[in-house]
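Text of the file coords-v4.pdb, holding PDB, C-alpha atoms and all ligand atoms:
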ATOM      1  CA  GLU K 267      73.359  26.244 -31.416
ATOM      2  CA  TRP K 268      71.200  23.280 -32.371
ATOM      3  CA  GLN K 269      71.365  20.744 -29.609
ATOM      4  CA  GLY K 270      69.377  17.905 -31.096
ATOM      5  CA  ILE K 271      66.344  16.119 -29.762
ATOM      6  CA  GLU K 272      66.498  13.050 -27.573
ATOM      7  CA  THR K 273      63.883  11.179 -25.628
ATOM      8  CA  GLY K 274      65.226   9.947 -22.328
ATOM      9  CA  ILE K 275      63.735   7.676 -19.718
ATOM     10  CA  GLY K 276      62.966   9.104 -16.290
ATOM     11  CA  ASN K 277      62.515   6.819 -13.330
ATOM     12  CA  THR K 278      60.622   9.318 -11.226
ATOM     13  CA  MET K 279      59.616   9.208  -7.586
ATOM     14  CA  TYR K 280      55.966  10.206  -8.015
ATOM     15  CA  SER K 281      55.011   9.427 -11.617
ATOM     16  CA  GLY K 282      56.641   6.104 -12.407
ATOM     17  CA  GLN K 283      58.670   5.642 -15.582
ATOM     18  CA  VAL K 284      58.170   8.519 -18.012
ATOM     19  CA  THR K 285      59.761   9.918 -21.141
ATOM     20  CA  LEU K 286      61.841  13.080 -20.789
ATOM     21  CA  GLY K 287      62.945  15.602 -23.357
ATOM     22  CA  THR K 288      66.749  15.536 -23.332
ATOM     23  CA  ALA K 289      69.648  16.724 -25.464
ATOM     24  CA  PRO K 290      72.542  14.623 -26.773
ATOM     25  CA  SER K 291      74.910  12.933 -24.818
ATOM     26  CA  TYR K 292      73.125  13.704 -22.456
ATOM     27  CA  SER K 293      71.526  16.517 -20.508
ATOM     28  CA  LEU K 294      68.156  17.462 -19.033
ATOM     29  CA  THR K 295      67.521  20.012 -21.757
ATOM     30  CA  ASP K 296      64.090  19.859 -23.352
ATOM     31  CA  THR K 297      64.738  21.163 -26.841
ATOM     32  CA  THR K 298      61.120  20.742 -27.907
ATOM     33  CA  ARG K 299      59.802  22.808 -24.994
ATOM     34  CA  GLY K 300      61.614  26.108 -25.075
ATOM     35  CA  ASN K 301      64.942  24.534 -24.068
ATOM     36  CA  HIS K 302      63.707  24.030 -20.521
ATOM     37  CA  LYS K 303      66.698  22.860 -18.446
ATOM     38  CA  THR K 304      66.821  21.196 -15.045
ATOM     39  CA  TYR K 305      69.741  21.945 -12.715
ATOM     40  CA  ASN K 306      71.126  20.337  -9.568
ATOM     41  CA  LEU K 307      71.707  22.851  -6.761
ATOM     42  CA  ASN K 308      73.139  20.020  -4.657
ATOM     43  CA  GLY K 309      72.202  21.780  -1.402
ATOM     44  CA  GLY K 310      73.035  25.266  -2.569
ATOM     45  CA  THR K 311      70.618  28.175  -2.397
ATOM     46  CA  SER K 312      71.810  30.472  -5.182
ATOM     47  CA  GLY K 313      72.858  30.368  -8.786
ATOM     48  CA  THR K 314      72.049  27.432 -10.997
ATOM     49  CA  GLY K 315      74.342  24.725  -9.633
ATOM     50  CA  THR K 316      75.055  22.279 -12.418
ATOM     51  CA  LEU K 317      72.954  21.155 -15.348
ATOM     52  CA  PHE K 318      72.041  17.488 -14.999
ATOM     53  CA  THR K 319      74.223  15.507 -17.390
ATOM     54  CA  ASN K 320      74.646  11.793 -17.840
ATOM     55  CA  THR K 321      76.476   9.186 -19.903
ATOM     56  CA  THR K 322      73.239   7.349 -20.616
ATOM     57  CA  ASP K 323      69.760   8.734 -21.302
ATOM     58  CA  THR K 324      68.164   7.092 -18.255
ATOM     59  CA  TRP K 325      67.602   9.355 -15.262
ATOM     60  CA  GLY K 326      67.002   8.492 -11.623
ATOM     61  CA  ASN K 327      65.870   5.262 -10.006
ATOM     62  CA  GLY K 328      62.607   6.267  -8.330
ATOM     63  CA  LEU K 329      64.283   6.898  -4.981
ATOM     64  CA  ALA K 330      64.993  10.252  -3.338
ATOM     65  CA  SER K 331      68.507   9.053  -2.444
ATOM     66  CA  ASN K 332      69.426   9.147  -6.140
ATOM     67  CA  LYS K 333      70.016  12.818  -6.982
ATOM     68  CA  GLU K 334      68.747  12.399 -10.532
ATOM     69  CA  THR K 335      65.320  11.266  -9.370
ATOM     70  CA  ALA K 336      64.088  14.701  -8.257
ATOM     71  CA  GLY K 337      65.551  16.087 -11.471
ATOM     72  CA  ALA K 338      63.502  13.618 -13.496
ATOM     73  CA  ASP K 339      60.314  14.496 -11.596
ATOM     74  CA  ALA K 340      60.851  18.242 -11.969
ATOM     75  CA  HIS K 341      61.754  17.950 -15.656
ATOM     76  CA  TYR K 342      58.638  15.849 -16.279
ATOM     77  CA  GLY K 343      56.355  18.238 -14.352
ATOM     78  CA  ALA K 344      57.661  21.184 -16.349
ATOM     79  CA  ALA K 345      57.122  19.297 -19.624
ATOM     80  CA  LEU K 346      53.546  18.366 -18.723
ATOM     81  CA  THR K 347      52.762  21.940 -17.711
ATOM     82  CA  TRP K 348      54.292  23.245 -20.930
ATOM     83  CA  ASP K 349      52.214  20.770 -22.956
ATOM     84  CA  TYR K 350      49.054  21.632 -21.019
ATOM     85  CA  TYR K 351      49.345  25.371 -21.651
ATOM     86  CA  LYS K 352      50.262  24.824 -25.297
ATOM     87  CA  ASN K 353      47.716  22.168 -26.191
ATOM     88  CA  VAL K 354      44.779  23.238 -24.017
ATOM     89  CA  HIS K 355      45.164  27.020 -23.950
ATOM     90  CA  GLY K 356      47.307  27.705 -27.019
ATOM     91  CA  ARG K 357      49.949  29.415 -24.877
ATOM     92  CA  SER K 358      53.566  28.705 -25.762
ATOM     93  CA  GLY K 359      55.487  28.920 -22.509
ATOM     94  CA  ILE K 360      55.009  31.008 -19.404
ATOM     95  CA  ARG K 361      55.305  34.315 -21.254
ATOM     96  CA  GLY K 362      53.640  33.007 -24.382
ATOM     97  CA  ASP K 363      56.838  33.623 -26.345
ATOM     98  CA  GLY K 364      58.079  30.041 -26.710
ATOM     99  CA  VAL K 365      60.903  30.544 -24.228
ATOM    100  CA  GLY K 366      61.294  27.886 -21.536
ATOM    101  CA  ALA K 367      61.920  28.569 -17.885
ATOM    102  CA  TYR K 368      64.310  26.360 -15.925
ATOM    103  CA  SER K 369      64.058  24.187 -12.828
ATOM    104  CA  ARG K 370      66.413  23.850  -9.877
ATOM    105  CA  VAL K 371      66.220  20.861  -7.516
ATOM    106  CA  HIS K 372      67.966  19.964  -4.235
ATOM    107  CA  TYR K 373      67.631  23.506  -2.880
ATOM    108  CA  GLY K 374      69.105  23.816   0.625
ATOM    109  CA  ASN K 375      68.922  21.118   3.267
ATOM    110  CA  ALA K 376      65.598  19.452   4.114
ATOM    111  CA  TYR K 377      63.831  22.502   2.698
ATOM    112  CA  VAL K 378      60.079  21.867   2.748
ATOM    113  CA  ASN K 379      58.902  24.200   0.032
ATOM    114  CA  ALA K 380      59.072  25.009  -3.655
ATOM    115  CA  PHE K 381      58.781  28.373  -5.325
ATOM    116  CA  TRP K 382      58.628  30.369  -8.518
ATOM    117  CA  ASP K 383      60.866  33.427  -8.882
ATOM    118  CA  ASP K 384      60.178  36.042 -11.560
ATOM    119  CA  SER K 385      63.720  37.386 -11.422
ATOM    120  CA  CYS K 386      65.345  34.110 -12.505
ATOM    121  CA  PHE K 387      62.283  32.961 -14.487
ATOM    122  CA  CYS K 388      62.735  29.644 -12.703
ATOM    123  CA  MET K 389      61.188  27.079 -10.394
ATOM    124  CA  THR K 390      63.011  25.760  -7.339
ATOM    125  CA  TYR K 391      62.372  22.678  -5.218
ATOM    126  CA  GLY K 392      63.488  21.613  -1.771
ATOM    127  CA  ASP K 393      63.961  17.980  -0.780
ATOM    128  CA  GLY K 394      61.314  17.975   1.979
ATOM    129  CA  THR K 395      61.513  16.659   5.514
ATOM    130  CA  SER K 396      64.760  14.722   6.126
ATOM    131  CA  ASN K 397      65.461  15.162   2.396
ATOM    132  CA  THR K 398      63.165  12.200   1.709
ATOM    133  CA  HIS K 399      60.252  13.847  -0.126
ATOM    134  CA  PRO K 400      61.407  16.287  -2.787
ATOM    135  CA  LEU K 401      58.615  18.728  -3.603
ATOM    136  CA  THR K 402      58.676  17.750  -7.267
ATOM    137  CA  SER K 403      55.258  16.173  -7.810
ATOM    138  CA  ILE K 404      53.254  17.095 -10.915
ATOM    139  CA  ASP K 405      50.847  19.362  -9.024
ATOM    140  CA  VAL K 406      53.578  21.285  -7.227
ATOM    141  CA  ALA K 407      55.495  21.822 -10.482
ATOM    142  CA  ALA K 408      52.338  23.014 -12.230
ATOM    143  CA  HIS K 409      51.476  25.248  -9.256
ATOM    144  CA  GLU K 410      54.870  26.959  -9.313
ATOM    145  CA  MET K 411      55.010  27.305 -13.096
ATOM    146  CA  THR K 412      51.535  28.829 -13.030
ATOM    147  CA  HIS K 413      52.800  31.556 -10.694
ATOM    148  CA  GLY K 414      54.924  32.571 -13.676
ATOM    149  CA  VAL K 415      51.901  32.590 -15.975
ATOM    150  CA  THR K 416      49.868  34.677 -13.516
ATOM    151  CA  SER K 417      52.743  37.097 -13.105
ATOM    152  CA  ASN K 418      52.923  37.553 -16.874
ATOM    153  CA  THR K 419      49.159  37.931 -17.398
ATOM    154  CA  ALA K 420      46.782  39.328 -14.756
ATOM    155  CA  GLY K 421      49.701  40.068 -12.436
ATOM    156  CA  LEU K 422      47.540  39.442  -9.365
ATOM    157  CA  ILE K 423      49.239  41.172  -6.429
ATOM    158  CA  TYR K 424      50.402  38.569  -3.890
ATOM    159  CA  SER K 425      48.515  39.966  -0.884
ATOM    160  CA  GLY K 426      44.915  40.619   0.065
ATOM    161  CA  GLU K 427      42.122  39.067  -1.986
ATOM    162  CA  SER K 428      44.150  39.271  -5.208
ATOM    163  CA  GLY K 429      46.822  37.199  -3.453
ATOM    164  CA  GLY K 430      44.277  34.508  -2.648
ATOM    165  CA  LEU K 431      43.184  34.510  -6.275
ATOM    166  CA  ASN K 432      46.832  34.264  -7.356
ATOM    167  CA  GLU K 433      47.350  31.211  -5.115
ATOM    168  CA  ALA K 434      44.067  29.658  -6.235
ATOM    169  CA  THR K 435      45.033  30.093  -9.880
ATOM    170  CA  SER K 436      48.131  27.998  -9.205
ATOM    171  CA  ASP K 437      46.106  25.294  -7.434
ATOM    172  CA  ILE K 438      43.411  25.345 -10.141
ATOM    173  CA  MET K 439      45.890  24.906 -12.987
ATOM    174  CA  ALA K 440      47.793  22.302 -10.934
ATOM    175  CA  ALA K 441      44.625  20.210 -10.776
ATOM    176  CA  ALA K 442      43.988  20.796 -14.475
ATOM    177  CA  VAL K 443      47.546  19.699 -15.384
ATOM    178  CA  GLU K 444      47.215  16.564 -13.255
ATOM    179  CA  PHE K 445      44.002  15.567 -15.034
ATOM    180  CA  TYR K 446      45.588  16.436 -18.389
ATOM    181  CA  ALA K 447      48.630  14.269 -17.624
ATOM    182  CA  ASN K 448      46.511  11.267 -16.639
ATOM    183  CA  ASN K 449      49.637   9.623 -15.249
ATOM    184  CA  ALA K 450      48.900   6.125 -13.927
ATOM    185  CA  ASN K 451      50.877   6.785 -10.727
ATOM    186  CA  ASP K 452      49.343  10.224 -10.101
ATOM    187  CA  LYS K 453      45.813  10.371 -11.470
ATOM    188  CA  GLY K 454      43.952  13.675 -11.578
ATOM    189  CA  ASP K 455      42.487  14.937  -8.323
ATOM    190  CA  TYR K 456      41.292  18.090  -6.586
ATOM    191  CA  LEU K 457      43.905  17.733  -3.865
ATOM    192  CA  VAL K 458      47.130  19.734  -3.723
ATOM    193  CA  GLY K 459      50.375  18.092  -2.644
ATOM    194  CA  GLU K 460      48.918  14.656  -1.983
ATOM    195  CA  LYS K 461      52.141  12.952  -3.075
ATOM    196  CA  ILE K 462      54.772  14.839  -1.106
ATOM    197  CA  ASP K 463      53.666  14.010   2.450
ATOM    198  CA  ILE K 464      54.314  17.559   3.565
ATOM    199  CA  ARG K 465      52.419  16.992   6.834
ATOM    200  CA  GLY K 466      54.155  13.733   7.635
ATOM    201  CA  ASN K 467      50.869  11.852   8.028
ATOM    202  CA  GLY K 468      50.091  11.237   4.373
ATOM    203  CA  THR K 469      47.365  13.869   4.092
ATOM    204  CA  PRO K 470      47.345  16.469   1.304
ATOM    205  CA  LEU K 471      48.374  20.069   1.724
ATOM    206  CA  ARG K 472      45.052  21.417   0.414
ATOM    207  CA  TYR K 473      41.557  20.204  -0.555
ATOM    208  CA  MET K 474      39.611  22.009  -3.253
ATOM    209  CA  ASP K 475      36.186  20.436  -2.644
ATOM    210  CA  LYS K 476      36.154  21.635   0.955
ATOM    211  CA  PRO K 477      39.228  23.767   1.655
ATOM    212  CA  SER K 478      38.562  23.966   5.412
ATOM    213  CA  LYS K 479      39.531  20.280   5.674
ATOM    214  CA  ASP K 480      43.142  21.464   5.994
ATOM    215  CA  GLY K 481      42.249  23.265   9.232
ATOM    216  CA  SER K 482      43.179  26.745   7.955
ATOM    217  CA  SER K 483      41.714  27.492   4.527
ATOM    218  CA  LYS K 484      38.301  29.085   4.114
ATOM    219  CA  ASP K 485      35.430  27.510   2.176
ATOM    220  CA  SER K 486      33.650  30.781   1.437
ATOM    221  CA  TRP K 487      34.306  34.483   1.044
ATOM    222  CA  TYR K 488      33.764  36.830   3.982
ATOM    223  CA  SER K 489      34.616  40.458   4.532
ATOM    224  CA  GLY K 490      38.158  40.369   5.917
ATOM    225  CA  ILE K 491      39.348  37.265   4.050
ATOM    226  CA  GLY K 492      41.968  39.535   2.459
ATOM    227  CA  ASN K 493      43.735  39.707   5.822
ATOM    228  CA  ILE K 494      44.686  36.022   6.043
ATOM    229  CA  ASP K 495      47.580  34.143   4.401
ATOM    230  CA  VAL K 496      47.139  33.901   0.637
ATOM    231  CA  HIS K 497      47.399  30.088   0.867
ATOM    232  CA  TYR K 498      44.194  30.156   2.961
ATOM    233  CA  SER K 499      42.293  32.972   1.224
ATOM    234  CA  SER K 500      42.708  30.887  -1.924
ATOM    235  CA  GLY K 501      40.177  28.475  -0.422
ATOM    236  CA  PRO K 502      36.955  30.025  -1.752
ATOM    237  CA  ALA K 503      38.315  30.264  -5.311
ATOM    238  CA  ASN K 504      39.570  26.673  -5.191
ATOM    239  CA  HIS K 505      36.145  25.668  -3.892
ATOM    240  CA  PHE K 506      34.480  27.675  -6.675
ATOM    241  CA  PHE K 507      36.563  25.838  -9.267
ATOM    242  CA  TYR K 508      35.750  22.437  -7.812
ATOM    243  CA  LEU K 509      32.026  23.251  -7.752
ATOM    244  CA  LEU K 510      32.076  24.648 -11.283
ATOM    245  CA  SER K 511      33.843  21.511 -12.521
ATOM    246  CA  GLU K 512      32.169  18.748 -10.551
ATOM    247  CA  GLY K 513      29.134  20.232  -8.809
ATOM    248  CA  SER K 514      28.082  20.039  -5.174
ATOM    249  CA  GLY K 515      27.494  16.928  -3.103
ATOM    250  CA  ALA K 516      29.360  13.650  -2.768
ATOM    251  CA  LYS K 517      31.378  12.213  -5.638
ATOM    252  CA  THR K 518      34.295   9.838  -6.199
ATOM    253  CA  ILE K 519      36.790  10.535  -9.002
ATOM    254  CA  ASN K 520      39.849   8.360  -9.707
ATOM    255  CA  GLY K 521      39.336   6.702  -6.342
ATOM    256  CA  VAL K 522      39.233   9.941  -4.319
ATOM    257  CA  SER K 523      36.019  10.830  -2.482
ATOM    258  CA  TYR K 524      34.839  14.425  -2.365
ATOM    259  CA  ASP K 525      31.920  16.132  -0.667
ATOM    260  CA  SER K 526      31.547  19.751  -1.569
ATOM    261  CA  PRO K 527      29.215  21.964   0.474
ATOM    262  CA  THR K 528      27.683  25.261  -0.681
ATOM    263  CA  SER K 529      27.415  28.288   1.578
ATOM    264  CA  ASP K 530      23.932  29.158   0.293
ATOM    265  CA  GLY K 531      22.693  25.587   0.649
ATOM    266  CA  LEU K 532      21.719  25.502  -3.031
ATOM    267  CA  PRO K 533      23.084  22.799  -5.327
ATOM    268  CA  VAL K 534      25.573  23.531  -8.117
ATOM    269  CA  THR K 535      25.608  21.496 -11.325
ATOM    270  CA  GLY K 536      29.148  21.038 -12.606
ATOM    271  CA  ILE K 537      30.122  21.683 -16.223
ATOM    272  CA  GLY K 538      33.296  19.536 -16.192
ATOM    273  CA  ILE K 539      36.901  20.559 -15.726
ATOM    274  CA  ASP K 540      37.555  20.887 -19.477
ATOM    275  CA  LYS K 541      35.195  23.873 -19.682
ATOM    276  CA  ALA K 542      35.960  25.225 -16.206
ATOM    277  CA  ARG K 543      39.691  25.461 -16.993
ATOM    278  CA  LEU K 544      38.976  27.418 -20.192
ATOM    279  CA  ILE K 545      36.774  29.882 -18.304
ATOM    280  CA  TRP K 546      39.382  30.458 -15.578
ATOM    281  CA  PHE K 547      42.243  30.823 -18.070
ATOM    282  CA  LYS K 548      40.289  33.296 -20.191
ATOM    283  CA  ALA K 549      39.340  35.287 -17.103
ATOM    284  CA  LEU K 550      42.970  35.275 -15.896
ATOM    285  CA  THR K 551      44.413  36.356 -19.205
ATOM    286  CA  THR K 552      41.766  38.782 -20.478
ATOM    287  CA  LYS K 553      39.516  39.918 -17.603
ATOM    288  CA  PHE K 554      41.507  40.053 -14.357
ATOM    289  CA  SER K 555      43.938  42.797 -13.387
ATOM    290  CA  SER K 556      46.568  43.044 -10.661
ATOM    291  CA  SER K 557      44.012  44.239  -8.083
ATOM    292  CA  THR K 558      41.118  41.894  -8.909
ATOM    293  CA  ASN K 559      39.273  40.815  -5.780
ATOM    294  CA  TYR K 560      36.619  38.118  -5.296
ATOM    295  CA  ALA K 561      33.811  40.349  -6.587
ATOM    296  CA  GLY K 562      35.955  41.178  -9.624
ATOM    297  CA  ALA K 563      36.760  37.520 -10.164
ATOM    298  CA  ARG K 564      33.036  36.810 -10.340
ATOM    299  CA  THR K 565      32.494  39.564 -12.893
ATOM    300  CA  GLY K 566      35.536  38.443 -14.884
ATOM    301  CA  ALA K 567      34.622  34.766 -14.871
ATOM    302  CA  ILE K 568      31.050  35.538 -15.977
ATOM    303  CA  ALA K 569      32.444  37.702 -18.779
ATOM    304  CA  ALA K 570      34.852  34.927 -19.809
ATOM    305  CA  ALA K 571      32.100  32.305 -19.794
ATOM    306  CA  THR K 572      29.872  34.670 -21.768
ATOM    307  CA  ASP K 573      32.589  35.109 -24.418
ATOM    308  CA  LEU K 574      33.067  31.345 -24.626
ATOM    309  CA  TYR K 575      29.519  30.000 -24.338
ATOM    310  CA  GLY K 576      27.016  32.862 -24.613
ATOM    311  CA  ALA K 577      25.154  34.952 -22.039
ATOM    312  CA  SER K 578      22.227  32.580 -21.589
ATOM    313  CA  SER K 579      24.342  29.407 -21.558
ATOM    314  CA  PRO K 580      24.276  26.797 -18.782
ATOM    315  CA  GLU K 581      27.998  27.497 -18.359
ATOM    316  CA  VAL K 582      27.350  31.112 -17.354
ATOM    317  CA  ALA K 583      24.579  29.977 -15.009
ATOM    318  CA  ALA K 584      26.977  27.486 -13.415
ATOM    319  CA  VAL K 585      29.599  30.204 -12.872
ATOM    320  CA  GLN K 586      26.963  32.352 -11.142
ATOM    321  CA  ASP K 587      25.756  29.449  -9.010
ATOM    322  CA  ALA K 588      29.286  28.427  -8.017
ATOM    323  CA  PHE K 589      30.128  31.987  -6.946
ATOM    324  CA  ALA K 590      26.889  32.188  -4.947
ATOM    325  CA  ALA K 591      27.951  28.921  -3.305
ATOM    326  CA  ILE K 592      31.131  30.574  -1.994
ATOM    327  CA  ASN K 593      29.191  33.631  -0.795
ATOM    328  CA  VAL K 594      30.128  35.908  -3.695
ATOM    329  CA  GLY K 595      26.905  37.334  -5.109
ATOM    330  CA  ALA K 596      25.724  39.985  -7.489
TER     331      ALA K 596
HETATM  332  N1  LIG S 601      55.264  27.093  -2.374
HETATM  333  C1  LIG S 601      54.752  28.395  -2.066
HETATM  334  C2  LIG S 601      53.829  28.845  -3.174
HETATM  335  O1  LIG S 601      54.108  28.660  -4.327
HETATM  336  C3  LIG S 601      55.818  29.384  -1.905
HETATM  337  C4  LIG S 601      55.235  30.657  -1.487
HETATM  338  O2  LIG S 601      54.698  30.792  -0.406
HETATM  339  N2  LIG S 601      55.227  31.634  -2.366
HETATM  340  O3  LIG S 601      52.820  29.406  -2.894
HETATM  341 ZN    ZN S 602      51.819  29.326  -4.637
END
Serialized structure, structure tokens:
Amino acid sequence: EWQGIETGIGNTMYSGQVTLGTAPSYSLTDTTRGNHKTYNLNGGTSGTGTLFTNTTDTWGNGLASNKETAGADAHYGAALTWDYYKNVHGRSGIRGDGVGAYSRVHYGNAYVNAFWDDSCFCMTYGDGTSNTHPLTSIDVAAHEMTHGVTSNTAGLIYSGESGGLNEATSDIMAAAVEFYANNANDKGDYLVGEKIDIRGNGTPLRYMDKPSKDGSSKDSWYSGIGNIDVHYSSGPANHFFYLLSEGSGAKTINGVSYDSPTSDGLPVTGIGIDKARLIWFKALTTKFSSSTNYAGARTGAIAAATDLYGASSPEVAAVQDAFAAINVGA
């Protein structure tokens, strides 16, 4: 049935006051983005809980104690990610078929994680430590939604080197969505989870310029990297993407300082995130397969850049240099 289009106001926790796609009178149903709905699990861990509904079209108050707030953040993150894939990559929804996924917030009690699940075609968010930091920031939403895109394209197996590439793809697109959103309260950065205080000391979960800053992730490829957790073997690919976008050396962007080393000691000249994101997306959707490893990612990214910019382009040279900088060579 036709539900009608409304534009609500979300008072989010991480992104300030935003507009939300809602349906009349009123629910968190985004009729212009594949009917994406946001549900309240209210501490549950299965099913959909209840769709967020309201007597007014204003949602949340910016505080975690208001149950609508996490709903507003999650609904906004899903909308931004939808818009990013549609407007930047020409992809309509996670499967490319115009059908929206759905989001579930308030999963469990003080659950400090978020996840994508293929079987429900949905994203789920815990409320974080002491239920005070829901994991509903823009980058986390984009990360989880991108797991759905990866699953429906390359299908990178979630273990070994392909698992690291799967994780990195989610971090890469999370950064790209954040820059695309250009939200005044959450400007684009090459950090992952900088808003959700998952470590309790205000530091981000992951750093793309130098992944080893988190104490666990690797900056460069080595034989055996496929044996570590996929959230750490993602490091070299995240580092590759940072270098391809911004280049090596020290740099400050939107107030965040970066200093990206190269394993071969040679400089990398960045081509900008707008081109880098197109190369990675094209590689993901047309060059990678479920078993692609780091060497295959290099081949695939060079092929993607060649399709986009030509074999003798500076973009292809930058892809080669950035892979050399993470110890993935010819
Ligand atoms: N939040 C985690 C992720 O998306 C959940 C997991 O380990 N799969 O990577
Ligand atoms: Zn992930």
(request) Do a neighbour search on region 370-381 of chain K at 7 Å with all atoms listed in the file, toss out local chain neighbours closer than 4 positions, and write the hits as a VMD selection string. (result) chain K and resid 304 to 311 314 336 to 337 389 to 397 401 410
At a cut-off of 7 Å, can you tabulate as a tab-separated table every residue of chain K near ligand ZN 602 (chain S) together with its closest atom pair and the distance in Å to one decimal, using only C-alpha atoms and all ligand atoms and ordering rows by chain then number?
residue	atom	partner	partner_atom	distance
K:His409	CA	S:ZN602	ZN	6.2
K:Glu410	CA	S:ZN602	ZN	6.1
K:His413	CA	S:ZN602	ZN	6.5
K:Glu433	CA	S:ZN602	ZN	4.9
K:Ser436	CA	S:ZN602	ZN	6.0
Restricting it to C-alpha atoms, dump the selection as a tab-separated table (two decimals), in the frame of the given file.
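File produced: out_38.tsv:
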chain	number	residue	atom	x	y	z
K	409	HIS	CA	51.48	25.25	-9.26
K	410	GLU	CA	54.87	26.96	-9.31
K	413	HIS	CA	52.80	31.56	-10.69
K	433	GLU	CA	47.35	31.21	-5.12
K	436	SER	CA	48.13	28.00	-9.20
(message) My list of candidates is K:Ser483, K:Asn520, K:Asn432, K:Ser578. Which is closest to ligand LIG 601 (chain S) when distances are computed with only C-alpha atoms and all ligand atoms?
(response)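 Closest residue, counting only C-alpha atoms and all ligand atoms: K:Asn432.
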(message) Could you tell me, as number ranges by chain, exactly which residues end up selected when the PyMOL selection byres (((chain K and resi 360) around 12) and not hetatm) is applied to this structure?
(response) K: 299-300, 302, 344-345, 347-352, 355-359, 361-368, 382, 384, 387-389, 408, 410-419, 551
(message) As an exercise, work out the distance from CA of Asn332 (chain K) to CA of Met439 (chain K) in Å and give it to one decimal place.
(response) 29.1 Å
(message) Just to confirm, what's the straight-line distance from CA of Tyr560 (chain K) to CA of Gly454 (chain K) in Å (one decimal)?
(response) 26.3 Å
(request) Using all atoms listed in the file, find the one residue out of K:Ile592, K:Met279, K:Ala569, K:Ile464 that sits nearest to ligand LIG 601 (chain S). (result) K:Ile464
(message) Which residues are close to Ser557 (chain K), i.e. within 9 Å by all atoms listed in the file, leaving aside same-chain residues fewer than 3 positions away? Reply as a PyMOL selection string.
(response) chain K and resi 420-423+426-429+554+562
(request) Find, counting all atoms listed in the file, the residue in K:Leu574, K:Ala596, K:Leu431, K:Leu294 that gets nearest to Thr322 (chain K). (result)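 The answer is K:Leu294, which sits nearest to Thr322 (chain K).
If you measure from each of K:Ala549, K:Val284, K:Ala407, K:Ala289 to ligand LIG 601 (chain S) using all atoms listed in the file, the closest one turns out to be K:Ala407.
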